[in-house]
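What follows is target12.txt (compact mmCIF, C-alpha atoms).
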# COMPACT_ATOMS: atom_id res chain seq x y z
CA MET A 1 -6.83 6.34 -12.67
CA ASN A 2 -10.01 4.37 -11.94
CA MET A 3 -11.70 3.91 -15.29
CA LYS A 4 -14.96 2.62 -13.74
CA GLN A 5 -15.67 6.05 -12.33
CA PHE A 6 -15.72 7.82 -15.68
CA ILE A 7 -18.84 8.47 -17.67
CA LEU A 8 -18.84 12.08 -16.67
CA LEU A 9 -15.79 13.70 -15.14
CA THR A 10 -15.39 16.62 -12.84
CA ILE A 11 -11.99 18.01 -13.50
CA LEU A 12 -10.09 19.90 -10.89
CA PHE A 13 -6.49 20.86 -11.36
CA LEU A 14 -4.54 23.03 -9.04
CA ILE A 15 -1.51 23.59 -11.21
CA GLY A 16 0.73 26.59 -11.36
CA THR A 17 -0.15 27.39 -14.95
CA LEU A 18 -3.90 27.53 -14.30
CA SER A 19 -5.30 30.79 -12.98
CA PHE A 20 -8.10 30.35 -10.46
CA ALA A 21 -9.47 33.74 -11.48
CA GLN A 22 -10.02 32.29 -14.95
CA LEU A 23 -13.70 31.45 -15.36
CA ARG A 24 -13.23 28.74 -17.98
CA ALA A 25 -10.37 26.58 -19.16
CA ASP A 26 -9.07 27.60 -22.57
CA ASP A 27 -9.69 25.37 -25.58
CA LYS A 28 -6.07 24.19 -25.73
CA PHE A 29 -6.20 23.02 -22.10
CA LYS A 30 -9.52 21.25 -22.69
CA ASN A 31 -8.24 19.51 -25.82
CA ASP A 32 -4.89 18.56 -24.29
CA PHE A 33 -6.55 17.25 -21.13
CA LEU A 34 -9.19 15.25 -22.98
CA ASP A 35 -6.60 13.82 -25.37
CA ALA A 36 -4.49 12.59 -22.44
CA ILE A 37 -7.48 11.06 -20.64
CA ASN A 38 -8.95 9.52 -23.77
CA ARG A 39 -5.64 7.95 -24.84
CA THR A 40 -5.61 6.13 -21.50
CA ARG A 41 -9.27 5.21 -21.82
CA GLN A 42 -8.71 3.89 -25.35
CA LYS A 43 -5.96 1.48 -24.32
CA GLY A 44 -7.12 0.73 -20.77
CA CYS A 45 -4.88 0.90 -17.73
CA THR A 46 -4.07 -0.66 -14.40
CA CYS A 47 -5.37 0.92 -11.20
CA GLY A 48 -3.42 -0.57 -8.30
CA THR A 49 -3.56 -4.27 -9.15
CA THR A 50 -6.84 -4.09 -11.10
CA ARG A 51 -6.72 -4.06 -14.88
CA MET A 52 -9.27 -1.66 -16.39
CA PRO A 53 -10.37 -2.41 -19.97
CA ALA A 54 -10.61 0.13 -22.75
CA VAL A 55 -13.71 2.32 -22.57
CA ALA A 56 -15.43 5.01 -24.64
CA PRO A 57 -13.93 8.51 -24.83
CA LEU A 58 -15.14 11.46 -22.78
CA THR A 59 -16.31 14.82 -24.03
CA TRP A 60 -15.94 18.17 -22.28
CA ASN A 61 -18.90 19.35 -20.20
CA ASP A 62 -19.12 23.07 -19.46
CA MET A 63 -21.56 22.60 -16.53
CA LEU A 64 -19.11 20.28 -14.80
CA GLU A 65 -16.24 22.64 -15.60
CA ASN A 66 -18.10 25.47 -13.84
CA ALA A 67 -18.67 23.29 -10.76
CA ALA A 68 -15.05 22.14 -10.78
CA MET A 69 -13.66 25.66 -11.12
CA ALA A 70 -15.84 26.91 -8.27
CA HIS A 71 -14.48 24.14 -6.03
CA ALA A 72 -10.90 24.81 -7.17
CA ARG A 73 -11.29 28.52 -6.38
CA ASP A 74 -12.76 27.65 -2.95
CA MET A 75 -9.83 25.34 -2.16
CA ASP A 76 -7.41 28.05 -3.25
CA ARG A 77 -9.21 30.80 -1.32
CA HIS A 78 -9.50 28.75 1.89
CA ASN A 79 -6.17 26.93 1.61
CA TYR A 80 -7.30 23.29 1.67
CA PHE A 81 -7.13 20.28 -0.63
CA SER A 82 -10.01 17.82 -0.45
CA HIS A 83 -12.86 16.24 -2.38
CA THR A 84 -15.10 17.59 0.39
CA GLY A 85 -15.70 21.32 0.32
CA LYS A 86 -15.48 23.51 3.41
CA ASP A 87 -19.28 23.66 3.15
CA GLY A 88 -19.42 19.86 3.51
CA ARG A 89 -20.48 19.19 -0.08
CA SER A 90 -19.02 16.19 -1.92
CA SER A 91 -18.15 15.96 -5.60
CA SER A 92 -21.50 14.19 -6.12
CA ASP A 93 -23.27 17.11 -4.45
CA ARG A 94 -21.50 19.54 -6.80
CA ILE A 95 -22.35 17.42 -9.84
CA ILE A 96 -26.02 17.31 -8.89
CA ALA A 97 -26.00 21.07 -8.25
CA ALA A 98 -24.55 21.48 -11.77
CA GLY A 99 -27.73 19.92 -13.17
CA TYR A 100 -27.29 16.15 -13.17
CA LYS A 101 -29.96 14.00 -11.56
CA PHE A 102 -29.72 10.45 -10.26
CA ASP A 103 -32.34 8.31 -11.98
CA GLY A 104 -31.90 4.69 -10.94
CA TYR A 105 -30.14 2.49 -13.49
CA LYS A 106 -30.15 5.39 -15.99
CA SER A 107 -27.92 7.39 -13.67
CA PHE A 108 -24.34 8.34 -14.28
CA ALA A 109 -21.09 7.39 -12.68
CA ALA A 110 -18.80 10.27 -11.87
CA GLY A 111 -15.34 10.77 -10.57
CA GLU A 112 -13.28 13.71 -9.46
CA ASN A 113 -9.57 14.06 -9.96
CA ILE A 114 -7.71 16.73 -8.05
CA ALA A 115 -4.04 17.49 -8.15
CA MET A 116 -1.81 20.19 -6.72
CA GLY A 117 1.64 21.48 -7.50
CA GLN A 118 2.24 19.91 -10.89
CA GLN A 119 3.20 22.17 -13.76
CA SER A 120 1.60 20.25 -16.66
CA ILE A 121 -1.11 17.79 -17.55
CA ALA A 122 1.51 15.11 -18.27
CA GLU A 123 3.01 15.59 -14.82
CA VAL A 124 -0.39 15.12 -13.18

Would you mind writing the file's structure down as structure tokens?
Amino acid sequence: MNMKQFILLTILFLIGTLSFAQLRADDKFKNDFLDAINRTRQKGCTCGTTRMPAVAPLTWNDMLENAAMAHARDMDRHNYFSHTGKDGRSSSDRIIAAGYKFDGYKSFAAGENIAMGQQSIAEV
């Protein structure tokens, strides 16, 4: 996982236990997911051959969740798996549409993680 890309996170999971008809992730999923991510962030990790230092924890963002779920439903509905939507929009486009604005050095860094076929957060 590339730790540099996380200040805000768009979360997309295509796992068997997650219903795409569900409008929002339940609190247990949110807490379990954030705990797993933040444990890694707290200790740092290695991405390829690059060591990433420990960084601050994330918090859940409902606006990004809505954007992520819409993209997940679109991928499911149209049978594709990509960071680029069938409409040509990127994850950055979806984040901006969710309400974030780029503002020079005050801007945010964002990343998008997608996965398919796993049955649990730990497996992803």

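Taking atom CA of Gln42 of chain A and atom CA of Pro57 of chain A as the two end points, the separation is 7.0 Å.
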
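As for atom CA of Leu58 of chain A and atom CA of Ser90 of chain A, they are spaced 21.7 Å apart.
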
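Among A:Gly111, A:Asp62, A:Met69, A:Arg39, the residue with the shortest atom-to-atom distance to Ser92 of chain A, counting only C-alpha atoms, is A:Gly111.
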
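Distance annotation: of A:Leu34, A:Ala115, A:Met63, A:Cys47, the residue with the minimal separation from Tyr100 of chain A is A:Met63; atom set is only C-alpha atoms.
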
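Distance-wise, atom CA of His71 of chain A and atom CA of Asp27 of chain A end up 20.2 Å apart.
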
Polymer residues at most 12 Å from Tyr80 of chain A, all atoms listed in the file, same-chain spacing of 4 or more positions, as a list in words: Leu14, His71, Ala72, Arg73, Asp74, Met75, Asp76, Thr84, Gly85, Lys86, Ile114, Ala115 and Met116 of chain A

Write a file of the selected residues as an mmCIF file, in the frame of the given file, keeping C-alpha atoms.
data_model
loop_
_atom_site.group_PDB
_atom_site.id
_atom_site.type_symbol
_atom_site.label_atom_id
_atom_site.label_comp_id
_atom_site.auth_asym_id
_atom_site.auth_seq_id
_atom_site.Cartn_x
_atom_site.Cartn_y
_atom_site.Cartn_z
ATOM 1 C CA LEU A 14 -4.540 23.030 -9.040
ATOM 2 C CA HIS A 71 -14.480 24.140 -6.030
ATOM 3 C CA ALA A 72 -10.900 24.810 -7.170
ATOM 4 C CA ARG A 73 -11.290 28.520 -6.380
ATOM 5 C CA ASP A 74 -12.760 27.650 -2.950
ATOM 6 C CA MET A 75 -9.830 25.340 -2.160
ATOM 7 C CA ASP A 76 -7.410 28.050 -3.250
ATOM 8 C CA THR A 84 -15.100 17.590 0.390
ATOM 9 C CA GLY A 85 -15.700 21.320 0.320
ATOM 10 C CA LYS A 86 -15.480 23.510 3.410
ATOM 11 C CA ILE A 114 -7.710 16.730 -8.050
ATOM 12 C CA ALA A 115 -4.040 17.490 -8.150
ATOM 13 C CA MET A 116 -1.810 20.190 -6.720
#
